[in-house]
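Listing of run05.tsv, TSV, C-alpha atoms
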chain	number	residue	atom	x	y	z
A	1462	MET	CA	-95.57	-38.44	-156.10
A	1463	LYS	CA	-98.05	-36.15	-157.79
A	1464	LEU	CA	-100.66	-34.76	-155.40
A	1465	LYS	CA	-104.25	-34.62	-156.50
A	1466	SER	CA	-105.27	-30.99	-157.02
A	1467	GLN	CA	-108.31	-29.78	-155.10
A	1468	ASN	CA	-110.06	-26.44	-155.25
A	1469	ILE	CA	-110.61	-26.47	-151.49
A	1470	VAL	CA	-108.16	-28.03	-149.05
A	1471	PRO	CA	-108.91	-27.87	-145.32
A	1472	HIS	CA	-106.09	-26.23	-143.38
A	1473	LEU	CA	-105.87	-26.89	-139.65
A	1474	TRP	CA	-103.71	-24.94	-137.21
A	1475	PHE	CA	-102.59	-26.96	-134.22
A	1476	GLY	CA	-100.18	-26.35	-131.40
A	1477	LYS	CA	-96.89	-28.17	-131.56
A	1478	ASN	CA	-98.77	-31.45	-132.13
A	1479	ALA	CA	-99.71	-31.09	-135.83
A	1480	ILE	CA	-97.67	-34.10	-136.92
A	1481	GLU	CA	-99.10	-36.21	-134.09
A	1482	ALA	CA	-102.65	-35.13	-135.00
A	1483	ALA	CA	-102.19	-35.91	-138.71
A	1484	ARG	CA	-100.78	-39.34	-137.90
A	1485	PHE	CA	-103.68	-40.02	-135.53
A	1486	TYR	CA	-106.29	-39.05	-138.14
A	1487	CYS	CA	-104.57	-41.34	-140.66
A	1488	THR	CA	-105.23	-44.28	-138.30
A	1489	VAL	CA	-108.94	-43.41	-138.13
A	1490	PHE	CA	-109.79	-42.99	-141.83
A	1491	PRO	CA	-109.17	-45.50	-144.63
A	1492	ASP	CA	-107.04	-44.48	-147.63
A	1493	SER	CA	-105.11	-41.97	-145.51
A	1494	GLU	CA	-101.47	-41.02	-145.20
A	1495	VAL	CA	-99.09	-38.28	-144.19
A	1496	THR	CA	-97.57	-37.17	-147.50
A	1497	GLY	CA	-95.03	-34.67	-146.23
A	1498	THR	CA	-93.66	-32.84	-143.21
A	1499	THR	CA	-91.38	-29.83	-143.05
A	1500	THR	CA	-90.16	-27.75	-140.15
A	1501	LEU	CA	-89.63	-24.08	-140.90
A	1502	LYS	CA	-87.06	-22.65	-138.49
A	1503	ASP	CA	-87.05	-19.15	-137.04
A	1504	THR	CA	-90.39	-17.94	-138.42
A	1505	PRO	CA	-91.93	-14.84	-136.79
A	1506	GLY	CA	-93.86	-17.19	-134.49
A	1507	GLY	CA	-90.95	-19.55	-133.84
A	1508	ASP	CA	-90.38	-22.93	-135.42
A	1509	CYS	CA	-93.36	-24.14	-137.47
A	1510	ASP	CA	-94.24	-27.67	-138.60
A	1511	VAL	CA	-96.03	-27.92	-141.94
A	1512	VAL	CA	-97.84	-31.23	-142.50
A	1513	LEU	CA	-99.43	-32.45	-145.71
A	1514	PHE	CA	-101.76	-35.42	-145.35
A	1515	GLN	CA	-104.77	-37.10	-146.89
A	1516	LEU	CA	-107.85	-38.44	-145.16
A	1517	SER	CA	-109.86	-40.85	-147.31
A	1518	GLY	CA	-108.07	-39.36	-150.31
A	1519	GLN	CA	-108.97	-35.75	-149.39
A	1520	PRO	CA	-105.89	-33.51	-149.08
A	1521	PHE	CA	-105.37	-31.57	-145.84
A	1522	MET	CA	-102.67	-29.24	-144.61
A	1523	ALA	CA	-101.76	-28.51	-141.01
A	1524	LEU	CA	-99.51	-26.13	-139.15
A	1525	GLY	CA	-97.95	-26.75	-135.79
A	1526	THR	CA	-96.86	-23.60	-133.98
A	1527	ASN	CA	-96.75	-21.97	-130.60
A	1528	ASP	CA	-99.98	-20.30	-129.45
A	1529	PRO	CA	-102.37	-21.20	-132.28
A	1530	PRO	CA	-105.93	-19.89	-132.18
A	1531	ALA	CA	-108.31	-22.38	-130.57
A	1532	PHE	CA	-110.59	-24.53	-132.70
A	1533	ASN	CA	-114.28	-23.88	-132.09
A	1534	GLU	CA	-117.64	-25.20	-133.22
A	1535	SER	CA	-118.17	-22.55	-135.90
A	1536	VAL	CA	-116.32	-24.83	-138.34
A	1537	SER	CA	-116.63	-28.60	-138.46
A	1538	LEU	CA	-115.62	-31.43	-140.75
A	1539	MET	CA	-118.47	-33.66	-141.91
A	1540	ILE	CA	-117.96	-37.40	-142.25
A	1541	HIS	CA	-120.41	-39.15	-144.57
A	1542	CYS	CA	-120.96	-42.67	-143.25
A	1543	GLU	CA	-122.63	-45.59	-145.00
A	1544	ASN	CA	-124.28	-47.30	-142.02
A	1545	GLN	CA	-124.60	-47.48	-138.22
A	1546	GLU	CA	-121.41	-49.53	-137.92
A	1547	GLU	CA	-119.42	-46.78	-139.62
A	1548	VAL	CA	-121.16	-44.09	-137.53
A	1549	ASP	CA	-120.15	-45.97	-134.38
A	1550	HIS	CA	-116.56	-46.39	-135.63
A	1551	TYR	CA	-116.06	-42.63	-135.97
A	1552	TYR	CA	-117.72	-41.87	-132.64
A	1553	ASP	CA	-115.49	-44.44	-130.94
A	1554	LYS	CA	-112.27	-43.25	-132.60
A	1555	LEU	CA	-112.78	-39.48	-132.62
A	1556	SER	CA	-115.05	-38.38	-129.78
A	1557	ALA	CA	-112.99	-37.23	-126.81
A	1558	ASP	CA	-115.70	-35.30	-124.97
A	1559	PRO	CA	-118.99	-37.20	-124.45
A	1560	GLU	CA	-120.51	-34.06	-122.90
A	1561	PHE	CA	-120.01	-32.25	-126.23
A	1562	GLU	CA	-121.75	-34.96	-128.30
A	1563	GLN	CA	-125.02	-33.62	-129.66
A	1564	CYS	CA	-127.01	-34.26	-132.85
A	1565	GLY	CA	-124.10	-35.97	-134.59
A	1566	TRP	CA	-121.48	-33.40	-133.55
A	1567	ILE	CA	-118.36	-34.55	-131.74
A	1568	LYS	CA	-115.09	-32.98	-130.64
A	1569	ASP	CA	-111.78	-34.83	-130.80
A	1570	LYS	CA	-108.79	-34.72	-128.46
A	1571	TYR	CA	-107.23	-31.90	-130.50
A	1572	GLY	CA	-110.33	-29.71	-130.27
A	1573	VAL	CA	-111.47	-30.26	-133.88
A	1574	THR	CA	-115.23	-30.52	-134.32
A	1575	TRP	CA	-116.68	-33.23	-136.57
A	1576	GLN	CA	-120.21	-33.99	-137.77
A	1577	ILE	CA	-121.24	-37.60	-138.28
A	1578	ALA	CA	-123.81	-37.96	-141.05
A	1579	THR	CA	-125.08	-40.42	-143.65
A	1580	ALA	CA	-126.63	-40.22	-147.10
A	1581	GLU	CA	-129.85	-41.35	-145.43
A	1582	ILE	CA	-129.83	-38.33	-143.11
A	1583	ARG	CA	-129.22	-35.98	-146.05
A	1584	MET	CA	-132.04	-37.66	-148.01
A	1585	MET	CA	-134.45	-37.07	-145.13
A	1586	PHE	CA	-133.66	-33.34	-145.15
A	1587	GLU	CA	-133.88	-33.11	-148.95
A	1588	THR	CA	-137.02	-35.15	-149.61
A	1589	GLY	CA	-139.05	-35.00	-146.42
A	1590	SER	CA	-142.23	-33.06	-145.89
A	1591	PRO	CA	-142.07	-30.28	-143.30
A	1592	GLU	CA	-143.72	-32.67	-140.82
A	1593	GLN	CA	-141.21	-35.45	-141.51
A	1594	ILE	CA	-138.27	-33.07	-141.18
A	1595	ARG	CA	-139.66	-31.73	-137.92
A	1596	SER	CA	-140.15	-35.24	-136.53
A	1597	PHE	CA	-136.64	-36.21	-137.63
A	1598	ALA	CA	-135.18	-33.02	-136.12
A	1599	GLU	CA	-136.95	-33.56	-132.79
A	1600	ALA	CA	-135.50	-37.09	-132.67
A	1601	ILE	CA	-131.94	-36.02	-133.49
A	1602	TRP	CA	-132.00	-33.13	-130.98
A	1603	LYS	CA	-132.35	-35.70	-128.18
A	1604	MET	CA	-129.39	-37.77	-129.38
A	1605	HIS	CA	-125.82	-37.67	-128.28
A	1606	ARG	CA	-124.76	-40.52	-130.55
A	1607	ILE	CA	-126.55	-40.88	-133.90
A	1608	ASP	CA	-128.99	-43.80	-133.97
A	1609	LEU	CA	-130.07	-44.32	-137.58
A	1610	LYS	CA	-132.95	-46.67	-136.74
A	1611	THR	CA	-134.52	-44.13	-134.38
A	1612	LEU	CA	-134.12	-41.34	-136.95
A	1613	ASN	CA	-135.59	-43.48	-139.71
A	1614	ASP	CA	-138.51	-44.48	-137.47
A	1615	ALA	CA	-139.23	-40.83	-136.60
A	1616	PHE	CA	-139.13	-39.90	-140.29
A	1617	THR	CA	-141.28	-42.77	-141.57
A	1618	GLU	CA	-143.84	-42.67	-138.73
A	1619	THR	CA	-144.75	-39.15	-139.79
A	1620	SER	CA	-145.30	-40.21	-143.40
A	1621	LYS	CA	-148.06	-42.68	-142.48

The structure given in the file should be rewritten as structure tokens.
Amino acid sequence: MKLKSQNIVPHLWFGKNAIEAARFYCTVFPDSEVTGTTTLKDTPGGDCDVVLFQLSGQPFMALGTNDPPAFNESVSLMIHCENQEEVDHYYDKLSADPEFEQCGWIKDKYGVTWQIATAEIRMMFETGSPEQIRSFAEAIWKMHRIDLKTLNDAFTETSK
């Protein structure tokens, strides 16, 4: 099987559960699969699992080793959703820490941070007046789970 070449491929470093994590993500996203796994024996850090997988056609690579660095919020993966139903799907499947949920950001059970967004949200940032963007931002700051109707109302109310 020929892998699609990408200029940028996200690389995630897990503990010993890299294969488990990749398989889990493949159940969450359509058009996803684990495309290869290899265990490298006796590396300087011990045995190391290397996992190749695709999420919605996007290639990823993961390592599974002892004592990986912890994931943190300085890097996140953004999911572009089409509608509220899709937004809710990803919240329901990925969010493992409701206390962390804020402004479309969630953290999964492996510690990876995700952002839930839509084309509509991006359009509001790109085309809105400063007042519309401020109104939209004030609405999203109060949200744990994205509510597209509330965001759209905040944006359009300001344009009247």

Atom CA of Ala1580 of chain A to atom CA of Cys1542 of chain A, straight-line distance in Å: 7.3 Å

Segment 1534-1540 of chain A surroundings by all atoms listed in the file, 9 Å radius, close-in-sequence under 3 positions cut, as a PyMOL selection string: chain A and resi 1471+1548+1551+1566+1568+1573-1579

Quick one: of A:Ala1523, A:Leu1555, A:Leu1513, A:Ile1469, who's nearest to Val1489 of chain A, counting all atoms listed in the file?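 Going through A:Ala1523, A:Leu1555, A:Leu1513, A:Ile1469 one by one, the smallest distance to Val1489 of chain A is for A:Leu1555.
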
Kindly give the distance, in Å, that separates atom CA of Ser1517 of chain A and atom CA of Asn1468 of chain A, rounded to a single decimal. 16.5 Å

Spatial neighbours of segment 1585-1588 of chain A, max dist 10 Å, all atoms listed in the file, sep filter under 6 positions, as a compact mmCIF listing (two decimals) with C-alpha atoms, in the coordinates of the input:
# COMPACT_ATOMS: atom_id res chain seq x y z
CA ILE A 1594 -138.27 -33.07 -141.18
CA ARG A 1595 -139.66 -31.73 -137.92
CA PHE A 1597 -136.64 -36.21 -137.63
CA ALA A 1598 -135.18 -33.02 -136.12
CA LEU A 1612 -134.12 -41.34 -136.95
CA ASN A 1613 -135.59 -43.48 -139.71
CA PHE A 1616 -139.13 -39.90 -140.29
CA THR A 1617 -141.28 -42.77 -141.57

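Separating atom CA of His1550 of chain A from atom CA of Asp1492 of chain A is a distance of 15.4 Å.
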
Using all atoms listed in the file, find the one residue out of A:Gly1476, A:Gly1497, A:Pro1591, A:Pro1505 that sits nearest to Leu1524 of chain A.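 Smallest separation from Leu1524 of chain A among the options: A:Gly1476.
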
Name all residues at most 9 Å from Tyr1552 of chain A (count only C-alpha atoms; drop same-chain ones fewer than 5 positions away) and give them as a list in words. Glu1547, Ala1557, Gly1565, Ile1567, Ile1577, Arg1606 and Ile1607 of chain A

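Using all atoms listed in the file, the smallest distance between any of A:Glu1592, A:Glu1562, A:Glu1581, A:Asp1503 and His1605 of chain A comes from A:Glu1562.
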